[in-house]
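Here is protein.pdb, consisting of PDB, C-alpha atoms, pLDDT in the B column:
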ATOM      1  CA  MET A  76     -18.955   9.815 -55.816  1.00 55.00           C
ATOM      2  CA  ARG A  77     -16.799   6.731 -55.633  1.00 76.00           C
ATOM      3  CA  SER A  78     -13.689   8.617 -54.476  1.00 87.00           C
ATOM      4  CA  LYS A  79     -15.713  10.314 -51.695  1.00 87.00           C
ATOM      5  CA  ARG A  80     -16.728   6.908 -50.294  1.00 89.00           C
ATOM      6  CA  LYS A  81     -13.180   5.659 -50.576  1.00 89.00           C
ATOM      7  CA  ARG A  82     -11.803   8.669 -48.650  1.00 91.00           C
ATOM      8  CA  ARG A  83     -14.461   8.252 -45.979  1.00 92.00           C
ATOM      9  CA  LEU A  84     -13.652   4.534 -45.640  1.00 92.00           C
ATOM     10  CA  ILE A  85      -9.908   5.273 -45.378  1.00 93.00           C
ATOM     11  CA  LEU A  86     -10.597   7.896 -42.707  1.00 93.00           C
ATOM     12  CA  ILE A  87     -12.729   5.472 -40.677  1.00 94.00           C
ATOM     13  CA  VAL A  88     -10.068   2.751 -40.920  1.00 94.00           C
ATOM     14  CA  MET A  89      -7.338   5.185 -39.835  1.00 95.00           C
ATOM     15  CA  VAL A  90      -9.393   6.320 -36.827  1.00 95.00           C
ATOM     16  CA  LEU A  91     -10.003   2.689 -35.787  1.00 95.00           C
ATOM     17  CA  VAL A  92      -6.302   1.825 -36.150  1.00 94.00           C
ATOM     18  CA  ALA A  93      -5.307   4.891 -34.093  1.00 95.00           C
ATOM     19  CA  ALA A  94      -7.847   3.983 -31.384  1.00 95.00           C
ATOM     20  CA  GLY A  95      -6.497   0.416 -31.295  1.00 95.00           C
ATOM     21  CA  ILE A  96      -2.899   1.622 -30.966  1.00 95.00           C
ATOM     22  CA  ALA A  97      -3.853   4.075 -28.199  1.00 94.00           C
ATOM     23  CA  THR A  98      -5.737   1.359 -26.299  1.00 93.00           C
ATOM     24  CA  SER A  99      -2.771  -1.013 -26.600  1.00 92.00           C
ATOM     25  CA  LEU A 100      -0.318   1.605 -25.308  1.00 91.00           C
ATOM     26  CA  VAL A 101      -2.532   2.418 -22.321  1.00 90.00           C
ATOM     27  CA  ALA A 102      -2.943  -1.272 -21.453  1.00 86.00           C
ATOM     28  CA  TYR A 103       0.808  -1.848 -21.744  1.00 85.00           C
ATOM     29  CA  ALA A 104       1.620   1.150 -19.531  1.00 82.00           C
ATOM     30  CA  LEU A 105      -0.860   0.080 -16.866  1.00 79.00           C
ATOM     31  CA  SER A 106       0.364  -3.510 -16.820  1.00 72.00           C
ATOM     32  CA  ARG A 107       3.974  -2.380 -16.276  1.00 69.00           C
ATOM     33  CA  ASN A 108       3.029  -0.192 -13.305  1.00 67.00           C
ATOM     34  CA  MET A 109       1.071  -2.838 -11.421  1.00 70.00           C
ATOM     35  CA  ASN A 110       2.574  -4.276  -8.258  1.00 70.00           C
ATOM     36  CA  TYR A 111       1.107  -7.559  -7.114  1.00 82.00           C
ATOM     37  CA  LEU A 112       0.983  -8.456  -3.401  1.00 87.00           C
ATOM     38  CA  LEU A 113       2.331 -11.928  -2.754  1.00 91.00           C
ATOM     39  CA  THR A 114       3.055 -13.902   0.420  1.00 91.00           C
ATOM     40  CA  PRO A 115       6.314 -15.777   1.072  1.00 92.00           C
ATOM     41  CA  SER A 116       4.522 -19.067   0.284  1.00 91.00           C
ATOM     42  CA  GLN A 117       3.462 -17.787  -3.131  1.00 91.00           C
ATOM     43  CA  VAL A 118       6.960 -16.493  -3.909  1.00 91.00           C
ATOM     44  CA  ILE A 119       8.582 -19.796  -2.912  1.00 91.00           C
ATOM     45  CA  ALA A 120       5.994 -21.683  -5.008  1.00 90.00           C
ATOM     46  CA  GLY A 121       7.216 -19.684  -8.030  1.00 88.00           C
ATOM     47  CA  ASP A 122       4.243 -17.337  -8.507  1.00 86.00           C
ATOM     48  CA  ALA A 123       6.573 -14.303  -8.593  1.00 82.00           C
ATOM     49  CA  ALA A 124       8.807 -15.550 -11.414  1.00 83.00           C
ATOM     50  CA  SER A 125       7.023 -13.486 -14.067  1.00 81.00           C
ATOM     51  CA  TYR A 126       7.115 -10.196 -12.112  1.00 83.00           C
ATOM     52  CA  THR A 127      10.163  -7.952 -12.071  1.00 83.00           C
ATOM     53  CA  THR A 128       8.752  -5.863  -9.192  1.00 87.00           C
ATOM     54  CA  PHE A 129       6.107  -6.966  -6.711  1.00 90.00           C
ATOM     55  CA  ARG A 130       5.029  -6.517  -3.104  1.00 92.00           C
ATOM     56  CA  LEU A 131       5.801  -9.034  -0.407  1.00 93.00           C
ATOM     57  CA  GLY A 132       3.389  -9.092   2.517  1.00 92.00           C
ATOM     58  CA  GLY A 133       3.413 -10.887   5.835  1.00 91.00           C
ATOM     59  CA  MET A 134       4.513 -10.592   9.463  1.00 92.00           C
ATOM     60  CA  VAL A 135       8.008  -9.698  10.651  1.00 92.00           C
ATOM     61  CA  LYS A 136       9.396 -12.769  12.402  1.00 92.00           C
ATOM     62  CA  ALA A 137      10.196 -12.155  16.066  1.00 92.00           C
ATOM     63  CA  GLY A 138      13.920 -11.638  16.664  1.00 92.00           C
ATOM     64  CA  SER A 139      14.801 -11.521  12.961  1.00 92.00           C
ATOM     65  CA  ILE A 140      15.479  -7.782  12.627  1.00 93.00           C
ATOM     66  CA  LYS A 141      19.202  -7.103  12.178  1.00 94.00           C
ATOM     67  CA  ARG A 142      20.337  -3.500  11.640  1.00 92.00           C
ATOM     68  CA  ALA A 143      23.749  -2.713  10.150  1.00 91.00           C
ATOM     69  CA  LYS A 144      25.921  -0.512  12.369  1.00 91.00           C
ATOM     70  CA  ASP A 145      27.548   1.435   9.534  1.00 92.00           C
ATOM     71  CA  SER A 146      24.584   1.951   7.163  1.00 91.00           C
ATOM     72  CA  LEU A 147      20.792   2.099   6.970  1.00 92.00           C
ATOM     73  CA  ARG A 148      20.547  -1.553   5.890  1.00 94.00           C
ATOM     74  CA  ILE A 149      17.998  -3.689   7.698  1.00 94.00           C
ATOM     75  CA  ASP A 150      17.765  -7.458   7.279  1.00 95.00           C
ATOM     76  CA  PHE A 151      14.681  -9.279   8.536  1.00 95.00           C
ATOM     77  CA  THR A 152      12.446 -12.247   7.805  1.00 94.00           C
ATOM     78  CA  VAL A 153       8.835 -12.063   6.618  1.00 94.00           C
ATOM     79  CA  VAL A 154       6.630 -15.021   7.511  1.00 93.00           C
ATOM     80  CA  ASP A 155       3.167 -16.205   6.624  1.00 90.00           C
ATOM     81  CA  ALA A 156       1.271 -19.312   7.737  1.00 87.00           C
ATOM     82  CA  ASP A 157       3.529 -21.718   5.832  1.00 88.00           C
ATOM     83  CA  ASP A 158       6.858 -20.195   4.791  1.00 91.00           C
ATOM     84  CA  GLN A 159       9.358 -17.438   5.455  1.00 93.00           C
ATOM     85  CA  MET A 160      11.565 -15.224   3.300  1.00 94.00           C
ATOM     86  CA  HIS A 161      14.671 -13.123   3.963  1.00 95.00           C
ATOM     87  CA  VAL A 162      14.257  -9.411   3.145  1.00 95.00           C
ATOM     88  CA  ALA A 163      16.992  -6.772   2.810  1.00 95.00           C
ATOM     89  CA  TYR A 164      16.039  -3.100   2.945  1.00 95.00           C
ATOM     90  CA  THR A 165      18.251  -0.015   2.838  1.00 93.00           C
ATOM     91  CA  GLY A 166      16.604   3.147   4.087  1.00 92.00           C
ATOM     92  CA  ILE A 167      14.726   4.605   7.020  1.00 91.00           C
ATOM     93  CA  ALA A 168      12.182   2.151   8.399  1.00 89.00           C
ATOM     94  CA  PRO A 169       8.671   3.324   9.354  1.00 88.00           C
ATOM     95  CA  ASP A 170       7.970   4.039  13.031  1.00 84.00           C
ATOM     96  CA  LEU A 171       5.611   1.060  13.318  1.00 85.00           C
ATOM     97  CA  PHE A 172       8.184  -1.406  11.923  1.00 88.00           C
ATOM     98  CA  ARG A 173       8.994  -3.994  14.607  1.00 88.00           C
ATOM     99  CA  ASP A 174       8.765  -7.702  15.458  1.00 89.00           C
ATOM    100  CA  ASN A 175       5.403  -9.450  15.007  1.00 88.00           C
ATOM    101  CA  GLN A 176       4.035  -6.532  12.960  1.00 88.00           C
ATOM    102  CA  SER A 177       2.460  -6.715   9.505  1.00 90.00           C
ATOM    103  CA  VAL A 178       4.690  -5.380   6.755  1.00 93.00           C
ATOM    104  CA  ILE A 179       4.457  -4.817   3.003  1.00 93.00           C
ATOM    105  CA  ALA A 180       7.745  -4.511   1.129  1.00 93.00           C
ATOM    106  CA  THR A 181       7.999  -3.448  -2.520  1.00 93.00           C
ATOM    107  CA  GLY A 182      11.007  -4.724  -4.449  1.00 93.00           C
ATOM    108  CA  HIS A 183      12.424  -7.630  -6.417  1.00 92.00           C
ATOM    109  CA  MET A 184      14.013 -11.024  -5.947  1.00 91.00           C
ATOM    110  CA  GLN A 185      17.783 -11.458  -5.976  1.00 90.00           C
ATOM    111  CA  GLY A 186      18.641 -15.114  -5.525  1.00 89.00           C
ATOM    112  CA  ASN A 187      16.726 -16.374  -2.487  1.00 89.00           C
ATOM    113  CA  SER A 188      16.402 -12.903  -0.918  1.00 92.00           C
ATOM    114  CA  PHE A 189      13.884 -10.166  -1.490  1.00 94.00           C
ATOM    115  CA  ILE A 190      15.506  -6.742  -2.006  1.00 94.00           C
ATOM    116  CA  ALA A 191      13.031  -4.105  -0.822  1.00 94.00           C
ATOM    117  CA  THR A 192      13.012  -0.562  -2.177  1.00 93.00           C
ATOM    118  CA  GLN A 193      10.019   0.560  -0.099  1.00 93.00           C
ATOM    119  CA  LEU A 194       8.785  -0.599   3.286  1.00 93.00           C
ATOM    120  CA  LEU A 195       5.303  -0.085   4.722  1.00 91.00           C
ATOM    121  CA  ALA A 196       4.346  -1.136   8.233  1.00 87.00           C
ATOM    122  CA  LYS A 197       0.709  -1.839   8.928  1.00 78.00           C
ATOM    123  CA  HIS A 198      -0.895  -1.256  12.296  1.00 72.00           C
ATOM    124  CA  ASP A 199      -3.553  -3.457  13.848  1.00 66.00           C
ATOM    125  CA  GLU A 200      -7.001  -2.454  15.063  1.00 67.00           C
ATOM    126  CA  THR A 201      -5.729  -1.661  18.575  1.00 68.00           C
ATOM    127  CA  TYR A 202      -3.563   1.222  17.332  1.00 65.00           C
ATOM    128  CA  MET A 203      -4.197   4.558  19.099  1.00 65.00           C
ATOM    129  CA  PRO A 204      -2.464   7.841  18.232  1.00 62.00           C
ATOM    130  CA  ASN A 205      -0.486   9.572  20.972  1.00 65.00           C
ATOM    131  CA  LYS A 206      -2.275  11.765  23.552  1.00 67.00           C
ATOM    132  CA  ARG A 207      -1.320  15.086  21.954  1.00 62.00           C
ATOM    133  CA  TRP A 208      -2.874  14.050  18.631  1.00 57.00           C
ATOM    134  CA  ARG A 209      -6.039  12.754  20.372  1.00 56.00           C
ATOM    135  CA  ARG A 210      -6.468  16.091  22.207  1.00 58.00           C
ATOM    136  CA  ARG A 211      -6.071  18.030  18.977  1.00 53.00           C
ATOM    137  CA  THR A 212      -8.544  15.873  17.029  1.00 52.00           C
ATOM    138  CA  THR A 213     -11.039  15.939  19.927  1.00 53.00           C
ATOM    139  CA  ARG A 214     -10.802  19.726  20.096  1.00 52.00           C
ATOM    140  CA  MET A 215     -11.179  20.026  16.304  1.00 49.00           C
ATOM    141  CA  GLY A 216     -14.111  17.602  16.395  1.00 51.00           C
ATOM    142  CA  THR A 217     -15.835  19.629  19.127  1.00 52.00           C
ATOM    143  CA  GLN A 218     -15.405  22.838  17.132  1.00 51.00           C
ATOM    144  CA  SER A 219     -16.687  21.137  14.004  1.00 49.00           C
ATOM    145  CA  HIS A 220     -19.679  19.707  15.886  1.00 49.00           C
ATOM    146  CA  HIS A 221     -20.581  23.150  17.208  1.00 52.00           C
ATOM    147  CA  LYS A 222     -20.227  24.750  13.784  1.00 51.00           C
ATOM    148  CA  HIS A 223     -22.482  22.187  12.118  1.00 52.00           C
ATOM    149  CA  GLN A 224     -24.902  21.948  15.066  1.00 55.00           C
ATOM    150  CA  ILE A 225     -24.072  18.342  15.854  1.00 53.00           C
ATOM    151  CA  GLU A 226     -24.241  17.123  19.428  1.00 56.00           C
ATOM    152  CA  ALA A 227     -21.339  14.905  20.470  1.00 51.00           C
ATOM    153  CA  VAL A 228     -22.631  12.327  22.935  1.00 49.00           C
ATOM    154  CA  GLY A 229     -20.073  11.517  25.613  1.00 47.00           C
ATOM    155  CA  ALA A 230     -17.488  13.945  24.290  1.00 46.00           C
ATOM    156  CA  ASP A 231     -14.458  14.150  26.575  1.00 47.00           C
ATOM    157  CA  SER A 232     -16.206  11.956  29.149  1.00 47.00           C
ATOM    158  CA  ASN A 233     -13.922   9.055  28.340  1.00 48.00           C
ATOM    159  CA  PRO A 234     -10.803  10.195  26.458  1.00 48.00           C
ATOM    160  CA  GLY A 235      -9.270   7.613  24.189  1.00 48.00           C
ATOM    161  CA  THR A 236     -12.581   6.161  23.028  1.00 48.00           C
ATOM    162  CA  ARG A 237     -14.512   7.036  19.945  1.00 48.00           C
ATOM    163  CA  ASN A 238     -17.327   9.479  20.470  1.00 46.00           C
ATOM    164  CA  SER A 239     -20.743   8.680  19.126  1.00 46.00           C
ATOM    165  CA  ILE A 240     -22.209  11.573  17.194  1.00 48.00           C
ATOM    166  CA  ARG A 241     -25.850  12.548  16.942  1.00 47.00           C
ATOM    167  CA  ALA A 242     -27.136  15.277  14.629  1.00 46.00           C
ATOM    168  CA  THR A 243     -29.539  17.830  16.057  1.00 47.00           C
ATOM    169  CA  ALA A 244     -32.148  18.805  13.544  1.00 46.00           C
TER     170      ALA A 244
END

Take the structure in the file and write it out as structure tokens.
Amino acid sequence: MRSKRKRRLILIVMVLVAAGIATSLVAYALSRNMNYLLTPSQVIAGDAASYTTFRLGGMVKAGSIKRAKDSLRIDFTVVDADDQMHVAYTGIAPDLFRDNQSVIATGHMQGNSFIATQLLAKHDETYMPNKRWRRRTTRMGTQSHHKHQIEAVGADSNPGTRNSIRATA
């Protein structure tokens, strides 16, 4: 009887230890894959010192974009309300990347410069897709509305605006 209890206790302890190790490994893996979004002010204040890789977010300073003639390297400055930071990126920039546009760059610090490995350009609320895409989505929306018996109010009456949709029951 005593050895049965002892085996059961050892089994329970081993299961708890294995669960603890598994939980620790998962937490460690998730913490290494996190990328924190910081502004130039936070980076200059030293908040990025503990991160090997992080995201830098802000606006591209007007007139700061410099493209290398012999490579895909782009140098520019990211600004926020208080500070600015030099960013170097090698690769193909997104179509929306330009002056006075929001940008998020993933990378690391090297000296006083941020070396970006990925570049994302954000669009503002006034962004509209080109006319060909609007025609296609309007046509698809009209077909979808007909299929699901939904009446599109003002459809195609004013292209370029969002259509209000009303369901017919």

A:Lys144, A:Phe189, A:Asn175, A:Lys79 ranked by distance to Phe129 of chain A, top pick (using all atoms listed in the file): A:Phe189

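Atom to atom, atom CA of Gly182 of chain A and atom CA of Asp155 of chain A stand 17.8 Å apart.
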
Which residue of A:Ser177, A:Asn110, A:Thr192, A:Ser146 approaches Tyr126 of chain A most closely, using all atoms listed in the file: A:Asn110

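The space separating atom CA of Ala196 of chain A from atom CA of Ala104 of chain A comes to 28.0 Å.
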
Residues in the PyMOL selection byres ((chain A and resi 141) around 12), expressed as number ranges by chain: A: 135-140, 142-144, 146-152, 161-165, 173-174

Interatomic distance, atom CA of Lys197 of chain A to atom CA of Leu131 of chain A (Å, one decimal): 12.8 Å

Surrounding residues of Ser116 of chain A excluding itself and chain neighbours under 2 positions, 10 Å, all atoms listed in the file, as JSON, numbers by chain: {"A": [113, 114, 118, 119, 120, 121, 122, 133, 154, 155, 156, 157, 158, 159, 160]}

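Using all atoms listed in the file, the nearest neighbour of Met184 of chain A within the list A:Ser106, A:Thr127, A:Gln117, A:Ser78 is A:Thr127.
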